[in-house]
Amino acid sequence: MSAAAMHAPGQSGSGDASLGHVATGTLDATHGVVLYLEDISVSFDGFKALNKLSLAIDVGELRCVIGPNGAGKTTMMDVITGKTRPDEGTVFFGQTIDLTRLTEPEIAHAGIGRKFQKPTIFEHHSVFENLELSMKADKRVRKTLFAKLSSEEGDRIAEMLDRIRLADSAGREAGLLSHGQKQWLEIGMLLMQEPKLLLLDEPVAGMSDDETERTAELFLTLAGKHSLVVVEHDMAFIGKIARKVTVLHEGSVLAEGPLAQVQEDPRVIEVYLGR
Amino acid sequence: MTSPILTARSGLARRLYGPAGWLAILVAVLVAFLLFPVLNLAVAPESPFHISAYWVTLIGKIMCYAMVAIAMDLIWGYAGILSLGHGLFFALGGYAMGMYLMRQIGRDGQYQSDMPDFMVFLDWKEFPLAWWNSDQFWWCALLVVAVPGLLAYAFGFFAFRSRVKGVYFSIITQALTYAAMLLFFRNNTGFGGNNGFTDFKRILGTPITTPETRMVLFAVTAAVLIGTLLLARTIVTSKLGRILTAIRDAEQRVMFCGYNPVHYKLFIWVVSAMICGLAGALYVPQVGIINPGEMSPANSIEIAIWVAVGGRGTLVGAVLGAFLVNGGKSFLTQQFPEYWFYFLGLIFILSTLFLPNGVVGLVKSWRKK
């Protein structure tokens, strides 16, 4: 097999050219900004999902993104993770990594983890295996064929099982978990990747009040070590975790600032309550 | 707390099968390497215990089909990619071996020429390029896996990179095997046109139809089948195997975990095609003929039916399905030759309706009760 042909375009790797090698640079966030979106536009069949959207996320920041349906929140995440290519604009991860030129797996390798709106886990694998597969490791074909779980890796999975309160369900098929447990499992899977930036699309949807409370606590402990972008509709949840809030409307930023200030903004009130 | 899971993973033999599984394999080994040779070669034909050449060839042939079924299960049952063109890889392996067998005929053909009869008939003076070195066994043995492997790699590279999925992928593979069949029907392609290759005389210098050669081919096929099963089992119980099923269930998540699904699909697709090539190469000397009919779309669909009947995503189910359907086929085509396709259709409808997880799934659900 030709290894050279397998290389995806983008930055050059460490010279270790083998099947499935994913080449990405290392994150350089010396200026304190981990993610920088500038003038992003995306349109689907004439509909402008994003319209000159600009946004900057600081290292260790916990940012909440709110906005009415169709404001472009999910499309924004699609652009950051490489699922959708922007028509215009630039997306930089740190100072050097141009995300618009990388594929989804390369972006994941660079250090961005994403939770989907609908919990997306491996339903036919056990909870343990879900964490095993998402764990940070060499993710090339040859390495995974001969991969063996080290005791250190086993410990890390056990730790995460405790942290997401699924230790008793380690051997259970993930598809049998409750909705809230699936959400937690997916968050656990993201953390196993050891990402620098976490994108969380409606993380508490379908959770009980108790679970929502615990999720808020978890996110607050994560901020600082990781940067988080949380898209959520649940304002009570936002109230618990919010420091800085960005309001999206019709594909661009309508308002940005502390929650109380944003909530009093007349334009935000108009968008949410209608004219 | 996690220790039971960890210990279960250590040790390849334990990883592959439990005690019952290894016992079943041991029984299969005894039957193939002891029972069959003794009852076929040492027991007199008049004895009721004698196994006739008919049975040796039939079981040998079905074992080749079982390898194809394993290959199909790897790609369909585990990675969720339904190929309706696996007959093509099987036939290519068969043709590669067939070339060598044609060369082994030597001057014993009807025209007593160094060249195969069909080339003499077409008034060709020299071998086409594809026949280069085809009198060498090692070269043809290499082609047996290399040709299906390279074709699968080239086709898979573009299909998977373009994210062709589901029914679209299946239809393209179907078209691929159909196009290849039309190509091989032409005399000018250089592989005997619609007659293909037949009338083999020797393999590695020894006569091909003697009971001893037949038994050696049978034993080699059994060994390769068991080897294939263990290889496939090694793949699906590895981390790579778990990634394949993850791609089947949630490809998006796999990508966002940092795995490139294209590479994984390509790997299992090429392995699957190479197994088919090997099966085709073992099939041809036992059955004594290879022609473009093996590439017909119906053949490839039948492979999928074997796996569906046996149970997808189990490997053992694939082997079982190949034996059940083909055993039934050889019985029914003798008793009621004209009704076989109705039976096949019926089997498919019934198994989809009542056995969504195949025979293996049925046994599993019985055990749970």
# chains A, B, ... in the order shown; residues from 1 in each chain; ligands from 1
>>> closest_atom_pairs(of="chain B", to="chain A", cutoff="6 Å", atoms="only C-alpha atoms", output="tab-separated table")
residue	atom	partner	partner_atom	distance
B:Ser238	CA	A:Leu145	CA	5.8
B:Lys239	CA	A:Thr144	CA	5.5
B:Leu240	CA	A:Leu145	CA	4.9
B:Ala246	CA	A:Phe122	CA	5.7
B:Met255	CA	A:Pro105	CA	5.0
B:Phe256	CA	A:Ala108	CA	5.4
B:Cys257	CA	A:Ser134	CA	5.5
B:Gly258	CA	A:Pro105	CA	4.0
B:Tyr259	CA	A:Pro105	CA	5.5
B:Asn260	CA	A:Pro105	CA	5.6
B:His263	CA	A:Gly20	CA	5.6
>>> residues_around(residues="range 81-96 of chain B", least_positions_apart="3", cutoff="7 Å", atoms="only C-alpha atoms", output="ChimeraX atom specification")
/B:75-76,99-100,140,143-145,148,166,170,173-174,176-177,273,276-281,283-284,290,294-295,297,299-301
>>> write_last_selection(atoms="N, CA and C atoms", output="compact mmCIF listing (two decimals), in the first residue's frame")
# COMPACT_ATOMS: atom_id res chain seq x y z
N ILE B 75 -16.51 -7.46 6.43
CA ILE B 75 -16.78 -6.15 5.85
C ILE B 75 -18.23 -5.73 6.12
N TRP B 76 -19.15 -6.67 6.10
CA TRP B 76 -20.58 -6.34 6.26
C TRP B 76 -21.01 -6.41 7.72
N MET B 99 -4.78 -19.78 -14.46
CA MET B 99 -3.71 -19.56 -15.44
C MET B 99 -2.59 -20.56 -15.25
N TYR B 100 -2.21 -20.75 -13.97
CA TYR B 100 -1.14 -21.70 -13.68
C TYR B 100 -1.56 -23.11 -14.09
N CYS B 140 1.90 -17.14 -9.61
CA CYS B 140 0.44 -17.18 -9.63
C CYS B 140 -0.13 -17.14 -8.21
N LEU B 143 -0.23 -13.64 -7.35
CA LEU B 143 -1.33 -12.94 -8.03
C LEU B 143 -2.68 -13.21 -7.35
N VAL B 144 -2.81 -14.42 -6.81
CA VAL B 144 -4.07 -14.83 -6.18
C VAL B 144 -4.52 -13.83 -5.12
N VAL B 145 -3.57 -13.32 -4.34
CA VAL B 145 -3.95 -12.33 -3.33
C VAL B 145 -3.67 -10.90 -3.80
N PRO B 148 -6.73 -9.30 -6.41
CA PRO B 148 -7.91 -8.82 -5.69
C PRO B 148 -7.57 -7.70 -4.69
N GLY B 166 -23.48 3.00 2.23
CA GLY B 166 -24.77 2.32 2.21
C GLY B 166 -25.10 1.69 0.87
N SER B 170 -23.08 -0.45 -2.28
CA SER B 170 -23.47 -1.80 -2.70
C SER B 170 -23.73 -1.85 -4.20
N THR B 173 -20.50 -1.72 -6.23
CA THR B 173 -19.76 -2.98 -6.23
C THR B 173 -20.43 -3.99 -7.16
N GLN B 174 -21.77 -3.94 -7.16
CA GLN B 174 -22.53 -4.82 -8.06
C GLN B 174 -22.19 -4.51 -9.52
N LEU B 176 -19.51 -3.14 -10.58
CA LEU B 176 -18.11 -3.48 -10.82
C LEU B 176 -17.97 -4.95 -11.25
N THR B 177 -18.63 -5.84 -10.51
CA THR B 177 -18.50 -7.26 -10.84
C THR B 177 -19.19 -7.56 -12.17
N ALA B 273 -10.99 -8.77 0.52
CA ALA B 273 -10.82 -9.13 -0.89
C ALA B 273 -9.73 -10.19 -1.05
N CYS B 276 -10.99 -13.58 -0.21
CA CYS B 276 -11.81 -14.10 -1.31
C CYS B 276 -10.93 -14.66 -2.42
N GLY B 277 -9.83 -13.96 -2.73
CA GLY B 277 -8.93 -14.42 -3.78
C GLY B 277 -8.35 -15.79 -3.43
N LEU B 278 -7.95 -15.94 -2.18
CA LEU B 278 -7.40 -17.20 -1.70
C LEU B 278 -8.45 -18.32 -1.82
N ALA B 279 -9.67 -18.01 -1.45
CA ALA B 279 -10.74 -19.00 -1.54
C ALA B 279 -10.96 -19.42 -2.99
N GLY B 280 -10.94 -18.44 -3.90
CA GLY B 280 -11.13 -18.74 -5.32
C GLY B 280 -10.03 -19.65 -5.85
N ALA B 281 -8.79 -19.40 -5.38
CA ALA B 281 -7.65 -20.19 -5.84
C ALA B 281 -7.74 -21.63 -5.38
N TYR B 283 -10.62 -23.11 -4.76
CA TYR B 283 -11.86 -23.63 -5.35
C TYR B 283 -11.62 -24.22 -6.73
N VAL B 284 -10.86 -23.50 -7.55
CA VAL B 284 -10.69 -23.89 -8.95
C VAL B 284 -10.08 -25.29 -9.15
N ILE B 290 -13.19 -22.61 -14.09
CA ILE B 290 -13.47 -21.22 -13.70
C ILE B 290 -13.92 -20.50 -14.96
N GLU B 294 -18.84 -16.92 -12.60
CA GLU B 294 -18.56 -16.68 -11.18
C GLU B 294 -18.67 -15.21 -10.80
N MET B 295 -18.59 -14.34 -11.82
CA MET B 295 -18.65 -12.90 -11.55
C MET B 295 -20.07 -12.36 -11.68
N PRO B 297 -23.68 -11.04 -10.97
CA PRO B 297 -24.19 -10.38 -9.76
C PRO B 297 -24.93 -11.34 -8.82
N ASN B 299 -24.33 -14.35 -8.05
CA ASN B 299 -23.37 -15.06 -7.19
C ASN B 299 -22.99 -14.24 -5.97
N SER B 300 -22.74 -12.95 -6.23
CA SER B 300 -22.31 -12.09 -5.12
C SER B 300 -23.45 -11.88 -4.13
N ILE B 301 -24.67 -11.79 -4.63
CA ILE B 301 -25.81 -11.61 -3.73
C ILE B 301 -25.97 -12.85 -2.86
>>> residues_around(residues="Ile226 in chain B", least_positions_apart="3", cutoff="9 Å", atoms="only C-alpha atoms", output="ChimeraX atom specification")
/B:25,28-29,67,221-223,229-231
>>> write_last_selection(atoms="N, CA and C atoms", output="tab-separated table (two decimals), in the first residue's frame")
chain	number	residue	atom	x	y	z
B	25	ILE	N	-13.19	-26.33	17.26
B	25	ILE	CA	-12.14	-26.26	16.24
B	25	ILE	C	-11.34	-27.56	16.22
B	28	ALA	N	-13.25	-30.08	14.37
B	28	ALA	CA	-13.17	-29.81	12.93
B	28	ALA	C	-11.83	-30.28	12.37
B	29	VAL	N	-10.76	-30.05	13.14
B	29	VAL	CA	-9.42	-30.49	12.71
B	29	VAL	C	-9.39	-32.01	12.58
B	67	MET	N	-14.97	-19.52	3.44
B	67	MET	CA	-13.95	-18.47	3.56
B	67	MET	C	-14.47	-17.15	3.01
B	221	THR	N	-7.36	-26.82	2.00
B	221	THR	CA	-8.50	-25.91	2.11
B	221	THR	C	-8.99	-25.83	3.55
B	222	ALA	N	-9.08	-27.00	4.21
B	222	ALA	CA	-9.54	-27.01	5.60
B	222	ALA	C	-8.58	-26.20	6.48
B	223	ALA	N	-7.26	-26.38	6.23
B	223	ALA	CA	-6.28	-25.65	7.04
B	223	ALA	C	-6.41	-24.15	6.81
B	229	LEU	N	-10.39	-18.23	9.74
B	229	LEU	CA	-11.32	-17.97	10.85
B	229	LEU	C	-10.56	-17.37	12.04
B	230	LEU	N	-9.39	-17.95	12.34
B	230	LEU	CA	-8.62	-17.45	13.48
B	230	LEU	C	-8.06	-16.06	13.21
B	231	LEU	N	-7.63	-15.83	11.97
B	231	LEU	CA	-7.14	-14.50	11.60
B	231	LEU	C	-8.26	-13.46	11.74
>>> atom_distance(atom1="CA of Met207 in chain A", atom2="CA of Ala56 in chain A")
29.3 Å
>>> residues_around(residues="range 114-131 of chain B", least_positions_apart="6", cutoff="7 Å", atoms="only C-alpha atoms", output="list in words")
Met102, Arg103, Gly106, Arg107, Gly190 and Gly192 of chain B
